file final16.txt (compact mmCIF, C-alpha atoms)
# COMPACT_ATOMS: atom_id res chain seq x y z
CA ASP A 262 143.05 65.75 117.77
CA VAL A 263 145.15 67.94 120.02
CA LYS A 264 144.20 71.53 120.11
CA VAL A 265 144.69 75.08 121.19
CA THR A 266 141.32 76.76 121.36
CA GLN A 267 140.79 80.50 121.44
CA SER A 268 137.35 81.36 122.71
CA SER A 269 136.54 84.20 120.30
CA ARG A 270 137.47 84.43 116.62
CA TYR A 271 136.20 87.99 116.25
CA LEU A 272 135.63 90.68 118.85
CA VAL A 273 134.65 94.31 118.56
CA LYS A 274 135.23 96.47 121.61
CA ARG A 275 135.16 100.16 122.44
CA THR A 276 138.09 102.25 123.60
CA GLY A 277 138.55 101.96 127.33
CA GLU A 278 136.79 98.62 127.71
CA LYS A 279 138.43 95.75 129.53
CA VAL A 280 139.00 92.84 127.19
CA PHE A 281 139.67 89.20 128.00
CA LEU A 282 141.07 86.82 125.40
CA GLU A 283 140.92 83.21 126.51
CA CYS A 284 143.06 80.32 125.37
CA VAL A 285 142.78 76.66 126.35
CA GLN A 286 145.03 73.76 125.36
CA ASP A 287 144.40 70.07 125.86
CA MET A 288 147.95 68.77 125.40
CA ASP A 289 149.17 69.18 128.99
CA HIS A 290 151.79 71.63 127.74
CA GLU A 291 153.83 73.57 130.25
CA ASN A 292 154.49 76.59 128.03
CA MET A 293 151.89 78.97 126.73
CA PHE A 294 152.33 82.10 124.65
CA TRP A 295 150.46 85.11 123.40
CA TYR A 296 151.59 86.65 120.13
CA ARG A 297 150.26 89.62 118.26
CA GLN A 298 150.21 89.61 114.45
CA ASP A 299 150.11 92.82 112.42
CA PRO A 300 150.60 93.32 108.68
CA GLY A 301 154.21 94.02 107.86
CA LEU A 302 155.34 93.29 111.41
CA GLY A 303 154.95 89.53 111.61
CA LEU A 304 154.35 87.90 114.98
CA ARG A 305 155.53 89.60 118.13
CA LEU A 306 155.58 87.98 121.56
CA ILE A 307 153.46 89.70 124.18
CA TYR A 308 153.72 87.35 127.15
CA PHE A 309 154.90 83.87 127.89
CA SER A 310 154.08 81.47 130.72
CA TYR A 311 156.18 78.44 131.62
CA ASP A 312 154.10 77.23 134.53
CA VAL A 313 150.91 77.90 136.42
CA LYS A 314 150.96 81.39 137.93
CA MET A 315 154.31 82.07 136.23
CA LYS A 316 154.68 84.64 133.50
CA GLU A 317 157.37 86.45 131.62
CA LYS A 318 157.17 89.58 129.51
CA GLY A 319 157.79 89.28 125.83
CA ASP A 320 158.80 91.98 123.40
CA ILE A 321 155.66 94.13 123.57
CA PRO A 322 153.96 93.69 126.98
CA GLU A 323 152.85 97.30 127.42
CA GLY A 324 149.11 97.63 127.75
CA TYR A 325 148.61 93.92 128.39
CA SER A 326 148.54 91.55 131.33
CA VAL A 327 148.05 87.80 131.57
CA SER A 328 146.66 85.21 133.91
CA ARG A 329 147.43 81.54 134.22
CA GLU A 330 145.52 80.01 137.11
CA LYS A 331 145.32 76.55 135.57
CA LYS A 332 147.81 74.72 133.41
CA GLU A 333 145.50 74.46 130.44
CA ARG A 334 144.28 78.06 130.36
CA PHE A 335 146.13 81.26 129.54
CA SER A 336 144.27 84.55 129.40
CA LEU A 337 145.35 87.81 127.83
CA ILE A 338 143.88 90.93 129.39
CA LEU A 339 143.65 94.40 127.95
CA GLU A 340 142.86 96.56 130.98
CA SER A 341 141.75 99.54 128.91
CA ALA A 342 141.58 98.79 125.23
CA SER A 343 142.95 101.32 122.77
CA THR A 344 142.64 101.57 119.01
CA ASN A 345 146.30 100.67 118.53
CA GLN A 346 145.53 97.29 120.05
CA THR A 347 143.37 96.40 117.07
CA SER A 348 145.12 93.28 115.83
CA MET A 349 145.12 89.51 115.42
CA TYR A 350 146.06 87.73 118.63
CA LEU A 351 147.49 84.23 118.48
CA CYS A 352 147.83 81.84 121.39
CA ALA A 353 150.27 78.95 121.31
CA SER A 354 151.50 76.19 123.58
CA SER A 355 154.45 73.81 123.75
CA LEU A 356 156.15 71.32 125.95
CA ALA A 357 158.85 72.72 128.18
CA GLY A 358 162.33 72.22 126.83
CA THR A 359 165.50 73.84 125.61
CA GLY A 360 164.12 75.64 122.62
CA ALA A 361 163.52 72.75 120.25
CA ASN A 362 159.88 72.01 120.92
CA VAL A 363 157.27 72.87 118.36
CA LEU A 364 154.60 75.46 119.14
CA THR A 365 150.99 74.56 118.45
CA PHE A 366 148.86 77.57 117.60
CA GLY A 367 145.21 78.42 117.97
CA ALA A 368 143.17 79.85 115.12
CA GLY A 369 143.55 83.42 116.37
CA SER A 370 141.30 86.12 117.77
CA ARG A 371 140.81 89.19 115.64
CA LEU A 372 140.16 92.16 117.88
CA THR A 373 138.85 95.49 116.63
CA VAL A 374 138.86 98.42 119.05
CA LEU A 375 136.65 101.32 118.00
CA ALA B 304 169.83 89.36 119.99
CA GLN B 305 168.01 87.07 117.64
CA LYS B 306 166.61 88.24 114.33
CA VAL B 307 164.91 86.64 111.34
CA THR B 308 164.62 88.38 108.00
CA GLN B 309 162.25 87.38 105.24
CA ALA B 310 163.00 89.90 102.55
CA GLN B 311 160.20 88.85 100.24
CA THR B 312 156.95 90.40 101.41
CA GLU B 313 154.76 88.97 98.66
CA ILE B 314 155.32 86.49 95.85
CA SER B 315 152.89 85.63 93.11
CA VAL B 316 153.37 82.61 90.84
CA VAL B 317 151.36 80.58 88.40
CA GLU B 318 150.46 77.04 89.30
CA LYS B 319 153.19 74.45 88.63
CA GLU B 320 155.96 76.99 88.95
CA ASP B 321 158.70 76.38 91.48
CA VAL B 322 159.11 79.05 94.15
CA THR B 323 161.73 79.69 96.82
CA LEU B 324 161.06 81.60 100.01
CA ASP B 325 164.13 83.14 101.57
CA CYS B 326 164.98 83.26 105.26
CA VAL B 327 168.09 84.78 106.81
CA TYR B 328 168.70 84.61 110.55
CA GLU B 329 171.00 86.18 113.10
CA THR B 330 172.07 84.72 116.41
CA ARG B 331 175.23 84.49 118.47
CA ASP B 332 174.21 81.18 119.97
CA THR B 333 175.87 78.06 118.67
CA THR B 334 172.84 75.90 119.39
CA TYR B 335 169.61 77.08 117.86
CA TYR B 336 166.55 75.83 116.05
CA LEU B 337 164.94 77.02 112.86
CA PHE B 338 161.31 76.54 111.93
CA TRP B 339 158.94 77.14 109.07
CA TYR B 340 155.23 77.65 109.66
CA LYS B 341 152.41 78.02 107.16
CA GLN B 342 149.42 80.28 107.81
CA PRO B 343 146.58 79.57 105.39
CA PRO B 344 143.66 81.99 105.04
CA SER B 345 141.91 80.25 107.94
CA GLY B 346 144.50 81.85 110.23
CA GLU B 347 145.97 78.95 112.19
CA LEU B 348 149.74 78.57 111.93
CA VAL B 349 150.74 75.08 110.90
CA PHE B 350 154.18 73.69 111.67
CA LEU B 351 156.14 72.53 108.61
CA ILE B 352 159.70 71.78 109.67
CA ARG B 353 162.29 72.19 112.41
CA ARG B 354 166.06 72.12 111.98
CA ASN B 355 168.75 72.30 114.64
CA SER B 356 171.98 74.14 114.11
CA PHE B 357 174.07 70.97 113.99
CA ASP B 358 172.13 69.38 111.19
CA GLU B 359 172.81 71.00 107.84
CA GLN B 360 171.34 68.23 105.76
CA ASN B 361 168.76 69.44 103.32
CA GLU B 362 165.34 67.95 103.68
CA ILE B 363 162.67 67.03 101.20
CA SER B 364 159.07 66.27 101.99
CA GLY B 365 156.99 65.73 98.91
CA ARG B 366 156.95 68.99 96.96
CA TYR B 367 158.61 70.86 99.82
CA SER B 368 162.33 71.13 100.37
CA TRP B 369 164.52 73.11 102.71
CA ASN B 370 168.08 74.30 102.25
CA PHE B 371 169.95 75.12 105.46
CA GLN B 372 173.33 76.84 105.04
CA LYS B 373 175.12 77.99 108.17
CA SER B 374 177.78 79.74 106.11
CA THR B 375 175.21 82.23 104.86
CA SER B 376 172.85 82.01 107.88
CA SER B 377 170.02 81.02 105.59
CA PHE B 378 167.21 78.50 105.76
CA ASN B 379 165.36 78.70 102.47
CA PHE B 380 162.16 76.91 101.57
CA THR B 381 161.32 75.71 98.06
CA ILE B 382 157.97 74.54 96.80
CA THR B 383 158.21 72.53 93.62
CA ALA B 384 155.31 72.50 91.17
CA SER B 385 153.26 74.91 93.26
CA GLN B 386 149.54 74.44 93.68
CA VAL B 387 146.72 76.82 94.54
CA VAL B 388 146.48 75.20 98.00
CA ASP B 389 150.00 76.43 98.71
CA SER B 390 148.68 79.98 98.85
CA ALA B 391 149.37 81.18 102.38
CA VAL B 392 151.65 83.30 104.49
CA TYR B 393 154.85 81.49 105.37
CA PHE B 394 156.86 82.33 108.44
CA CYS B 395 160.43 81.47 109.27
CA ALA B 396 161.28 81.44 112.98
CA LEU B 397 164.22 80.96 115.31
CA SER B 398 164.63 79.79 118.89
CA THR B 399 167.77 79.26 120.89
CA GLN B 400 168.83 76.66 123.40
CA GLY B 401 167.66 77.74 126.81
CA GLY B 402 165.25 80.15 125.23
CA SER B 403 162.22 78.28 126.50
CA GLU B 404 160.71 77.76 123.07
CA LYS B 405 160.20 81.49 122.59
CA LEU B 406 160.18 81.92 118.85
CA VAL B 407 161.42 84.97 117.03
CA PHE B 408 159.52 85.23 113.77
CA GLY B 409 160.28 86.84 110.48
CA LYS B 410 157.66 89.16 109.05
CA GLY B 411 156.35 86.48 106.74
CA THR B 412 156.08 86.00 102.99
CA LYS B 413 152.66 85.96 101.42
CA LEU B 414 152.59 83.45 98.58
CA THR B 415 149.80 83.55 96.03
CA VAL B 416 149.57 80.71 93.56
CA ASN B 417 147.31 81.54 90.65
CA PRO B 418 145.57 78.87 88.60
call {"tool": "encode", "arguments": {"input": "final16.txt", "output": "structure tokens"}}
result
Amino acid sequence: DVKVTQSSRYLVKRTGEKVFLECVQDMDHENMFWYRQDPGLGLRLIYFSYDVKMKEKGDIPEGYSVSREKKERFSLILESASTNQTSMYLCASSLAGTGANVLTFGAGSRLTVL
Amino acid sequence: AQKVTQAQTEISVVEKEDVTLDCVYETRDTTYYLFWYKQPPSGELVFLIRRNSFDEQNEISGRYSWNFQKSTSSFNFTITASQVVDSAVYFCALSTQGGSEKLVFGKGTKLTVNP
């Protein structure tokens, strides 16, 4: 069964800590995404990667960075966590294409910043 | 700019009722793709359907059906004879040709089906 796996379902961190959210896919997909989900706001794109070491900012990149050293792994980094980054983070992957390909999502990582 | 509007924030129905989830989209592109995803309480978004802008045929899959109307920029989703297992948050999303599969999501509609 093909999968997108997010390493942590629940994390609790303190303000100012550096936070790593890891995502691994086993489908040999070129594209990988990080979305943030908040009540009443839906899903918003943070960062997108279309190839190893390639990245593109999404709609809300401030306060985040990403790393893609290997095709199967896409990490989201919060350099200095803040309480307004408390949220559900969803990783997704897809084949490269012209917009038609389906995204496969992980189960999400719920981050609480105290 | 692309935009997806799901005006219904929450809907509550009793089992076996039919329910329609509305989705209105905005784009200037002539080639685009519309999606519906389901997010059950477990949290993982599950793909339901994809439609491209050149295919306005309605689609039925079991109890699920989708009505795509370009004239009103809508892509509505109907569940017939709803069941408790249909309880979830449903998202409508849009991507455009050349947009590298970056989806723009609506804010979601939370559907609760009561026994």
call {"tool": "residues_around", "arguments": {"input": "final16.txt", "residues": "Ser368 in chain B", "least_positions_apart": "3", "cutoff": "9 Å", "atoms": "all atoms listed in the file", "output": "MDAnalysis selection string"}}
result
chainID B and resid 361:365 379:383
call {"tool": "write_last_selection", "arguments": {"input": "final16.txt", "atoms": "C-alpha atoms", "output": "PDB file, keeping the file's coordinate frame"}}
result
ATOM      1  CA  ASN B 361     168.760  69.440 103.320  1.00  0.00           C
ATOM      2  CA  GLU B 362     165.340  67.950 103.680  1.00  0.00           C
ATOM      3  CA  ILE B 363     162.670  67.030 101.200  1.00  0.00           C
ATOM      4  CA  SER B 364     159.070  66.270 101.990  1.00  0.00           C
ATOM      5  CA  GLY B 365     156.990  65.730  98.910  1.00  0.00           C
ATOM      6  CA  ASN B 379     165.360  78.700 102.470  1.00  0.00           C
ATOM      7  CA  PHE B 380     162.160  76.910 101.570  1.00  0.00           C
ATOM      8  CA  THR B 381     161.320  75.710  98.060  1.00  0.00           C
ATOM      9  CA  ILE B 382     157.970  74.540  96.800  1.00  0.00           C
ATOM     10  CA  THR B 383     158.210  72.530  93.620  1.00  0.00           C
TER      11      THR B 383
END
call {"tool": "closest_residue", "arguments": {"input": "final16.txt", "among": "B:Leu337, B:Cys326, B:Val387, B:Ala396", "to": "Arg353 in chain B", "atoms": "all atoms listed in the file"}}
result
B:Leu337
call {"tool": "interface_residues", "arguments": {"input": "final16.txt", "of": "chain B", "to": "chain A", "cutoff": "12 Å", "atoms": "all atoms listed in the file", "output": "PDB file with C-alpha atoms, in the coordinates of the input"}}
result
ATOM      1  CA  ALA B 304     169.830  89.360 119.990  1.00  0.00           C
ATOM      2  CA  GLN B 305     168.010  87.070 117.640  1.00  0.00           C
ATOM      3  CA  LYS B 306     166.610  88.240 114.330  1.00  0.00           C
ATOM      4  CA  VAL B 307     164.910  86.640 111.340  1.00  0.00           C
ATOM      5  CA  THR B 308     164.620  88.380 108.000  1.00  0.00           C
ATOM      6  CA  GLN B 309     162.250  87.380 105.240  1.00  0.00           C
ATOM      7  CA  ALA B 310     163.000  89.900 102.550  1.00  0.00           C
ATOM      8  CA  GLN B 311     160.200  88.850 100.240  1.00  0.00           C
ATOM      9  CA  THR B 312     156.950  90.400 101.410  1.00  0.00           C
ATOM     10  CA  GLU B 313     154.760  88.970  98.660  1.00  0.00           C
ATOM     11  CA  ASP B 332     174.210  81.180 119.970  1.00  0.00           C
ATOM     12  CA  THR B 334     172.840  75.900 119.390  1.00  0.00           C
ATOM     13  CA  TYR B 335     169.610  77.080 117.860  1.00  0.00           C
ATOM     14  CA  TYR B 336     166.550  75.830 116.050  1.00  0.00           C
ATOM     15  CA  LEU B 337     164.940  77.020 112.860  1.00  0.00           C
ATOM     16  CA  PHE B 338     161.310  76.540 111.930  1.00  0.00           C
ATOM     17  CA  TRP B 339     158.940  77.140 109.070  1.00  0.00           C
ATOM     18  CA  TYR B 340     155.230  77.650 109.660  1.00  0.00           C
ATOM     19  CA  LYS B 341     152.410  78.020 107.160  1.00  0.00           C
ATOM     20  CA  GLN B 342     149.420  80.280 107.810  1.00  0.00           C
ATOM     21  CA  PRO B 343     146.580  79.570 105.390  1.00  0.00           C
ATOM     22  CA  PRO B 344     143.660  81.990 105.040  1.00  0.00           C
ATOM     23  CA  SER B 345     141.910  80.250 107.940  1.00  0.00           C
ATOM     24  CA  GLY B 346     144.500  81.850 110.230  1.00  0.00           C
ATOM     25  CA  GLU B 347     145.970  78.950 112.190  1.00  0.00           C
ATOM     26  CA  LEU B 348     149.740  78.570 111.930  1.00  0.00           C
ATOM     27  CA  VAL B 349     150.740  75.080 110.900  1.00  0.00           C
ATOM     28  CA  PHE B 350     154.180  73.690 111.670  1.00  0.00           C
ATOM     29  CA  LEU B 351     156.140  72.530 108.610  1.00  0.00           C
ATOM     30  CA  ILE B 352     159.700  71.780 109.670  1.00  0.00           C
ATOM     31  CA  ARG B 353     162.290  72.190 112.410  1.00  0.00           C
ATOM     32  CA  ARG B 354     166.060  72.120 111.980  1.00  0.00           C
ATOM     33  CA  ASN B 355     168.750  72.300 114.640  1.00  0.00           C
ATOM     34  CA  SER B 356     171.980  74.140 114.110  1.00  0.00           C
ATOM     35  CA  VAL B 392     151.650  83.300 104.490  1.00  0.00           C
ATOM     36  CA  TYR B 393     154.850  81.490 105.370  1.00  0.00           C
ATOM     37  CA  PHE B 394     156.860  82.330 108.440  1.00  0.00           C
ATOM     38  CA  CYS B 395     160.430  81.470 109.270  1.00  0.00           C
ATOM     39  CA  ALA B 396     161.280  81.440 112.980  1.00  0.00           C
ATOM     40  CA  LEU B 397     164.220  80.960 115.310  1.00  0.00           C
ATOM     41  CA  SER B 398     164.630  79.790 118.890  1.00  0.00           C
ATOM     42  CA  THR B 399     167.770  79.260 120.890  1.00  0.00           C
ATOM     43  CA  GLN B 400     168.830  76.660 123.400  1.00  0.00           C
ATOM     44  CA  GLY B 401     167.660  77.740 126.810  1.00  0.00           C
ATOM     45  CA  GLY B 402     165.250  80.150 125.230  1.00  0.00           C
ATOM     46  CA  SER B 403     162.220  78.280 126.500  1.00  0.00           C
ATOM     47  CA  GLU B 404     160.710  77.760 123.070  1.00  0.00           C
ATOM     48  CA  LYS B 405     160.200  81.490 122.590  1.00  0.00           C
ATOM     49  CA  LEU B 406     160.180  81.920 118.850  1.00  0.00           C
ATOM     50  CA  VAL B 407     161.420  84.970 117.030  1.00  0.00           C
ATOM     51  CA  PHE B 408     159.520  85.230 113.770  1.00  0.00           C
ATOM     52  CA  GLY B 409     160.280  86.840 110.480  1.00  0.00           C
ATOM     53  CA  LYS B 410     157.660  89.160 109.050  1.00  0.00           C
ATOM     54  CA  GLY B 411     156.350  86.480 106.740  1.00  0.00           C
ATOM     55  CA  THR B 412     156.080  86.000 102.990  1.00  0.00           C
ATOM     56  CA  LYS B 413     152.660  85.960 101.420  1.00  0.00           C
TER      57      LYS B 413
END
call {"tool": "closest_residue", "arguments": {"input": "final16.txt", "among": "B:Thr333, B:Gln360, B:Thr415, B:Ser315", "to": "Phe378 in chain B", "atoms": "only C-alpha atoms"}}
result
B:Gln360
call {"tool": "atom_distance", "arguments": {"input": "final16.txt", "atom1": "CA of Thr266 in chain A", "atom2": "CA of Asp287 in chain A"}}
result
8.6 Å
call {"tool": "closest_residue", "arguments": {"input": "final16.txt", "among": "A:Val285, A:Val327, A:Leu372, A:Leu272", "to": "Gln346 in chain A", "atoms": "only C-alpha atoms"}}
result
A:Leu372
call {"tool": "residues_near_point", "arguments": {"input": "final16.txt", "point": "(138.0, 94.6, 127.1)", "cutoff": "12 Å", "atoms": "all atoms listed in the file", "output": "ChimeraX atom specification"}}
result
/A:272-283,324-326,337-344,346-347,372-375
call {"tool": "axis_aligned_box", "arguments": {"input": "final16.txt", "around": "range 274-282 of chain A", "padding_each_side": "3 Å", "output": "JSON"}}
result
{"center_x": 138.1, "center_y": 94.5, "center_z": 125.6, "size_x": 11.9, "size_y": 21.4, "size_z": 13.9}
call {"tool": "atom_distance", "arguments": {"input": "final16.txt", "atom1": "CA of Lys319 in chain B", "atom2": "CA of Ser385 in chain B"}}
result
4.7 Å
